[in-house]
Amino acid sequence: MNVRNARRGRYGSPQRQRGVSIVLLAVGLFMLLAFTALAVDGSNLYVARNELHNAADAGSLAGARHLYVKDGSWVNDGTRPYDPEDPDSYKSAEAWATEAAQNNSSQNETVEVLSALRGHWSFATRTFTPNDSLDPVDLFGRTAEDLDSDPNFINAVEVVTARQQSQVEAFFGRIFGFEGYDVTARSVAYIGFAGSLRPEDVDQPIAMCRQALLDPDGNYSCNVGRFIPEGDQTGGWTNFQHNDTGGASNKEVSPLVCGDGNPDEMRFGEDIATNNGQMEAYNALYDCWEQETERKRLWNMTLPVIDCSDGISPQNPLVGAVNLNVVWMVKNNNQTNQINTYAPQQMELPPENSDGVSPGTWSSADPSGTARWDDFVEAMNLRRADGTLAKWNSNPQANGWQAKTIYFAPSCSYHEPKGQTGGENFGILAQIPVLVD
């Protein structure tokens, strides 16, 4: 047998071998082209989608930041009359979201906004539910779980951006029949409760205890007043500072009384310096209260909230912010011993203690200071830690009328949003939202 012919019969002719090689080369070139198209067009799509995500994030954050009007009393739908004190309310949250998203570009193309919606974000289900309601829900007496499951609690804005009219360009993909690609991106921003507090977000160097603001079920309660000092879980002094050097001193606290509030940011979850003792700063606070109220009006202020599980001082973790009304102050033992002279005679009432709309006035002309005080305590619902009314008592340890004491009632009204999202619910929404989806 001819060996050369045998080999030719086994492997075929050189021409046939060349034909197979050409086919393999064509397949290889096709695969190489496909992978090149995937790499080039895929990278291009990745860049375009990232830019769309940035636009969607900017839009949802802007919308959530303008979700409520300045005083927190109304969901911002852009229909309220122009208010120079709140110039941003002339546009709805959705309009702010759309504009902010469109201010971004994707590969020099205008970003399309398919939708900008306000609604409710639930952390339990990780879902956004559109809701065009304008009424803010009552935050008082509500648990976090209850609010999280309430679709009428408007707390988020969703924005969907796209490149559909101006598709993302196809390069090598044109070889396979793709003229361009549709791309979309979605973002949800959430507004929660005031946590980290920006400079000057709170008013006085006093920190309220979470324990003094919650009812037995752990809900924020705004219809019971308390006083400082009353046990070790009502409140104390603070210098607003995060540090490791111990409690707040009188030297640090005094200059902050009736000043501009916290000079530096206060960070949620971190300890701030505190002090639960008597300080000379109290006299300056009392004088400021008299000047502000003439002892006839409520003194409204926003204060930091701390966790006092282990008592107050030298440091306690910041857990949020609360708005409350100082309703009375007693300065010294002279006032304590002369209750007939110094007990209140007239005071503005919070709306929730009158007709629910406009402030009323409490007054008493009774010559007995103890009688006036007891009537005032009932009108303001001022209570001790054990839940009993803080009425006058001849026993100094059980007396509700004490020297160097601040009496306050949390406010049930809506309040201007403060700080960054992250705190617990003490009735104040945050101003700065966070991305959640």
# chains A, B, ... in the order shown; residues from 1 in each chain; ligands from 1

$ select_by_dssp --residues "segment 204-411 of chain A" --states "strand (DSSP E or B)" --output "PyMOL selection string"
chain A and resi 206-209+214+220+225-228+230+232+235-238+266+271-275+299-306+315-330+346-348+361-363+382-383+389+405-410

$ write_last_selection --atoms "C-alpha atoms" --output "PDB file, in the first residue's frame"
ATOM      1  CA  ILE A 206     -30.145  70.737  77.827  1.00  0.00           C
ATOM      2  CA  ALA A 207     -30.474  67.078  76.863  1.00  0.00           C
ATOM      3  CA  MET A 208     -33.777  65.280  77.375  1.00  0.00           C
ATOM      4  CA  CYS A 209     -33.896  61.620  78.325  1.00  0.00           C
ATOM      5  CA  LEU A 214     -41.965  57.595  76.029  1.00  0.00           C
ATOM      6  CA  TYR A 220     -43.420  58.865  71.936  1.00  0.00           C
ATOM      7  CA  GLY A 225     -45.315  67.012  80.978  1.00  0.00           C
ATOM      8  CA  ARG A 226     -42.311  66.337  83.198  1.00  0.00           C
ATOM      9  CA  PHE A 227     -39.755  68.353  85.081  1.00  0.00           C
ATOM     10  CA  ILE A 228     -35.996  68.419  85.578  1.00  0.00           C
ATOM     11  CA  GLU A 230     -37.092  64.305  88.642  1.00  0.00           C
ATOM     12  CA  ASP A 232     -32.200  60.311  86.961  1.00  0.00           C
ATOM     13  CA  GLY A 235     -32.756  65.301  81.518  1.00  0.00           C
ATOM     14  CA  GLY A 236     -29.585  67.212  82.273  1.00  0.00           C
ATOM     15  CA  TRP A 237     -27.044  69.702  80.987  1.00  0.00           C
ATOM     16  CA  THR A 238     -24.858  69.137  77.930  1.00  0.00           C
ATOM     17  CA  MET A 266     -23.896  66.178  66.793  1.00  0.00           C
ATOM     18  CA  ASP A 271     -21.997  59.871  73.259  1.00  0.00           C
ATOM     19  CA  ILE A 272     -22.265  63.553  74.129  1.00  0.00           C
ATOM     20  CA  ALA A 273     -20.945  65.011  77.378  1.00  0.00           C
ATOM     21  CA  THR A 274     -23.653  65.498  80.036  1.00  0.00           C
ATOM     22  CA  ASN A 275     -24.099  66.616  83.652  1.00  0.00           C
ATOM     23  CA  TRP A 299     -41.044  78.877  75.507  1.00  0.00           C
ATOM     24  CA  ASN A 300     -40.675  76.553  72.556  1.00  0.00           C
ATOM     25  CA  MET A 301     -37.310  74.937  71.818  1.00  0.00           C
ATOM     26  CA  THR A 302     -35.675  71.965  70.137  1.00  0.00           C
ATOM     27  CA  LEU A 303     -33.401  69.851  72.313  1.00  0.00           C
ATOM     28  CA  PRO A 304     -31.234  66.748  71.802  1.00  0.00           C
ATOM     29  CA  VAL A 305     -32.557  63.432  73.133  1.00  0.00           C
ATOM     30  CA  ILE A 306     -30.219  61.020  74.902  1.00  0.00           C
ATOM     31  CA  GLN A 315     -21.741  60.821  78.751  1.00  0.00           C
ATOM     32  CA  ASN A 316     -24.911  59.570  77.045  1.00  0.00           C
ATOM     33  CA  PRO A 317     -25.617  58.468  73.462  1.00  0.00           C
ATOM     34  CA  LEU A 318     -27.549  60.830  71.189  1.00  0.00           C
ATOM     35  CA  VAL A 319     -30.725  59.157  69.890  1.00  0.00           C
ATOM     36  CA  GLY A 320     -32.687  62.016  68.313  1.00  0.00           C
ATOM     37  CA  ALA A 321     -34.229  65.445  68.838  1.00  0.00           C
ATOM     38  CA  VAL A 322     -37.473  66.668  70.373  1.00  0.00           C
ATOM     39  CA  ASN A 323     -39.461  69.892  70.310  1.00  0.00           C
ATOM     40  CA  LEU A 324     -41.041  70.930  73.599  1.00  0.00           C
ATOM     41  CA  ASN A 325     -42.461  73.861  75.518  1.00  0.00           C
ATOM     42  CA  VAL A 326     -40.962  75.091  78.764  1.00  0.00           C
ATOM     43  CA  VAL A 327     -44.086  75.948  80.768  1.00  0.00           C
ATOM     44  CA  TRP A 328     -42.555  77.125  84.043  1.00  0.00           C
ATOM     45  CA  MET A 329     -39.319  77.549  85.976  1.00  0.00           C
ATOM     46  CA  VAL A 330     -38.632  77.955  89.689  1.00  0.00           C
ATOM     47  CA  GLN A 346     -51.517  83.155  83.762  1.00  0.00           C
ATOM     48  CA  MET A 347     -50.039  81.028  80.979  1.00  0.00           C
ATOM     49  CA  GLU A 348     -50.601  80.354  77.311  1.00  0.00           C
ATOM     50  CA  THR A 361     -54.956  80.757  78.140  1.00  0.00           C
ATOM     51  CA  TRP A 362     -54.888  79.320  81.623  1.00  0.00           C
ATOM     52  CA  SER A 363     -55.348  81.784  84.473  1.00  0.00           C
ATOM     53  CA  LEU A 382     -47.281  67.827  84.610  1.00  0.00           C
ATOM     54  CA  ARG A 383     -46.436  64.483  86.190  1.00  0.00           C
ATOM     55  CA  LEU A 389     -49.589  64.799  89.094  1.00  0.00           C
ATOM     56  CA  THR A 405     -36.558  73.140  88.328  1.00  0.00           C
ATOM     57  CA  ILE A 406     -37.652  73.297  84.681  1.00  0.00           C
ATOM     58  CA  TYR A 407     -41.201  72.173  83.860  1.00  0.00           C
ATOM     59  CA  PHE A 408     -41.849  71.223  80.279  1.00  0.00           C
ATOM     60  CA  ALA A 409     -44.465  69.678  78.006  1.00  0.00           C
ATOM     61  CA  PRO A 410     -43.550  68.035  74.680  1.00  0.00           C
TER      62      PRO A 410
END

$ residues_around --residues "Leu256 of chain A" --least-positions-apart "6" --cutoff "8 Å" --atoms "only C-alpha atoms" --output "PyMOL selection string"
chain A and resi 204-205+239+262

$ write_last_selection --atoms "N, CA and C atoms" --output "CSV table (one decimal), in the first residue's frame"
chain,number,residue,atom,x,y,z
A,204,GLN,N,-30.9,74.9,73.3
A,204,GLN,CA,-30.3,75.2,74.6
A,204,GLN,C,-29.4,74.0,75.0
A,205,PRO,N,-28.5,74.2,75.9
A,205,PRO,CA,-27.6,73.1,76.3
A,205,PRO,C,-28.2,72.2,77.4
A,239,ASN,N,-22.9,70.0,76.9
A,239,ASN,CA,-22.1,71.0,76.2
A,239,ASN,C,-22.1,70.7,74.7
A,262,ASN,N,-26.1,74.4,69.3
A,262,ASN,CA,-24.9,73.6,69.2
A,262,ASN,C,-24.0,74.2,68.1

$ residues_around --residues "Thr127 of chain A" --least-positions-apart "2" --cutoff "12 Å" --atoms "only C-alpha atoms" --output "PDB file with C-alpha atoms, in the first residue's frame"
ATOM      1  CA  GLY A 119     -45.043  57.627  48.667  1.00  0.00           C
ATOM      2  CA  HIS A 120     -44.142  55.267  51.491  1.00  0.00           C
ATOM      3  CA  TRP A 121     -41.008  53.207  51.998  1.00  0.00           C
ATOM      4  CA  SER A 122     -41.198  50.167  54.270  1.00  0.00           C
ATOM      5  CA  PHE A 123     -37.996  48.749  55.717  1.00  0.00           C
ATOM      6  CA  ALA A 124     -39.779  45.564  56.746  1.00  0.00           C
ATOM      7  CA  THR A 125     -40.759  44.658  53.176  1.00  0.00           C
ATOM      8  CA  THR A 129     -45.668  52.228  47.633  1.00  0.00           C
ATOM      9  CA  PRO A 130     -46.701  55.319  45.626  1.00  0.00           C
ATOM     10  CA  ASP A 148     -43.262  51.490  58.874  1.00  0.00           C
ATOM     11  CA  SER A 149     -46.382  49.535  57.937  1.00  0.00           C
ATOM     12  CA  PRO A 151     -48.711  53.399  53.583  1.00  0.00           C
ATOM     13  CA  ALA A 156     -39.984  58.728  50.416  1.00  0.00           C
ATOM     14  CA  VAL A 157     -39.603  59.749  46.768  1.00  0.00           C
ATOM     15  CA  GLU A 158     -38.929  57.351  43.902  1.00  0.00           C
ATOM     16  CA  SER A 187     -33.656  55.313  43.064  1.00  0.00           C
ATOM     17  CA  VAL A 188     -35.627  55.746  46.296  1.00  0.00           C
ATOM     18  CA  ALA A 189     -34.701  58.303  48.962  1.00  0.00           C
ATOM     19  CA  TYR A 190     -36.193  58.149  52.458  1.00  0.00           C
ATOM     20  CA  VAL A 436     -32.520  53.256  50.570  1.00  0.00           C
ATOM     21  CA  ASP A 437     -33.007  51.561  47.189  1.00  0.00           C
TER      22      ASP A 437
END

$ closest_residue --among "A:Val168, A:Ala371, A:Leu45, A:Ile191" --to "Gly72 of chain A" --atoms "only C-alpha atoms"
A:Ile191

$ residues_around --residues "Thr341 of chain A" --least-positions-apart "2" --cutoff "12 Å" --atoms "only C-alpha atoms" --output "list in words"
Val330, Asn334, Gln335, Thr336, Asn337, Gln338, Ile339, Ala343, Pro344, Gln345, Ala365, Asp366, Pro367, Ser368, Gly369, Thr370, Arg372 and Trp373 of chain A

$ write_last_selection --atoms "C-alpha atoms" --output "CSV table (one decimal), in the first residue's frame"
chain,number,residue,atom,x,y,z
A,330,VAL,CA,-38.6,78.0,89.7
A,334,ASN,CA,-36.8,82.1,98.0
A,335,GLN,CA,-39.4,81.3,95.4
A,336,THR,CA,-40.0,77.9,96.9
A,337,ASN,CA,-40.8,79.4,100.3
A,338,GLN,CA,-43.0,82.1,98.8
A,339,ILE,CA,-45.2,80.1,96.6
A,343,ALA,CA,-46.8,80.5,91.7
A,344,PRO,CA,-48.1,81.1,88.1
A,345,GLN,CA,-51.2,83.2,87.6
A,365,ALA,CA,-56.6,84.6,90.6
A,366,ASP,CA,-56.7,82.4,93.7
A,367,PRO,CA,-54.6,84.1,96.4
A,368,SER,CA,-53.3,80.6,97.5
A,369,GLY,CA,-50.1,79.8,95.6
A,370,THR,CA,-50.5,76.1,96.2
A,372,ARG,CA,-52.9,78.1,91.7
A,373,TRP,CA,-50.0,75.6,91.3

$ closest_residue --among "A:Ser196, A:Thr110, A:Thr388, A:Ser313" --to "Val224 of chain A" --atoms "only C-alpha atoms"
A:Thr388

$ closest_residue --among "A:Leu114, A:Leu67, A:Val137, A:Val434" --to "Arg163 of chain A" --atoms "only C-alpha atoms"
A:Leu114

$ residues_around --residues "Cys288 of chain A" --least-positions-apart "5" --cutoff "9 Å" --atoms "only C-alpha atoms" --output "list in words"
Val257, Cys258, Asn283 and Thr293 of chain A

$ select_by_dssp --residues "segment 325-394 of chain A" --states "alpha helix (DSSP H)" --output "PyMOL selection string"
chain A and resi 333-337+339-342+369-380

$ atom_distance --atom1 "atom CA of Tyr414 of chain A" --atom2 "atom CA of Asp201 of chain A"
15.8 Å

$ residues_around --residues "His66 of chain A" --least-positions-apart "3" --cutoff "10 Å" --atoms "only C-alpha atoms" --output "VMD selection string"
chain A and resid 60 to 63 69 to 70 75 to 78 88 to 89 91 to 97 157 191 431 to 433

$ residues_around --residues "Ala58 of chain A" --least-positions-apart "4" --cutoff "7 Å" --atoms "only C-alpha atoms" --output "short mmCIF file (atom, residue, chain, number, x, y, z; two decimals) with C-alpha atoms, in the first residue's frame"
data_model
loop_
_atom_site.label_atom_id
_atom_site.label_comp_id
_atom_site.auth_asym_id
_atom_site.auth_seq_id
_atom_site.Cartn_x
_atom_site.Cartn_y
_atom_site.Cartn_z
CA ASN A 54 -26.48 59.27 39.60
CA ALA A 62 -33.90 66.44 46.08
CA ALA A 100 -32.66 67.68 39.83
CA ALA A 101 -32.54 64.48 37.78
#

$ closest_residue --among "A:Ile154, A:Met380, A:Ala56, A:Leu197" --to "Asn103 of chain A" --atoms "only C-alpha atoms"
A:Ala56

$ closest_residue --among "A:Asn152, A:Gln167, A:Cys308, A:Asn340" --to "Arg210 of chain A" --atoms "only C-alpha atoms"
A:Cys308

$ atom_distance --atom1 "atom CA of Gly59 of chain A" --atom2 "atom CA of Val159 of chain A"
6.3 Å

$ atom_distance --atom1 "atom CA of Ala248 of chain A" --atom2 "atom CA of Tyr282 of chain A"
13.8 Å
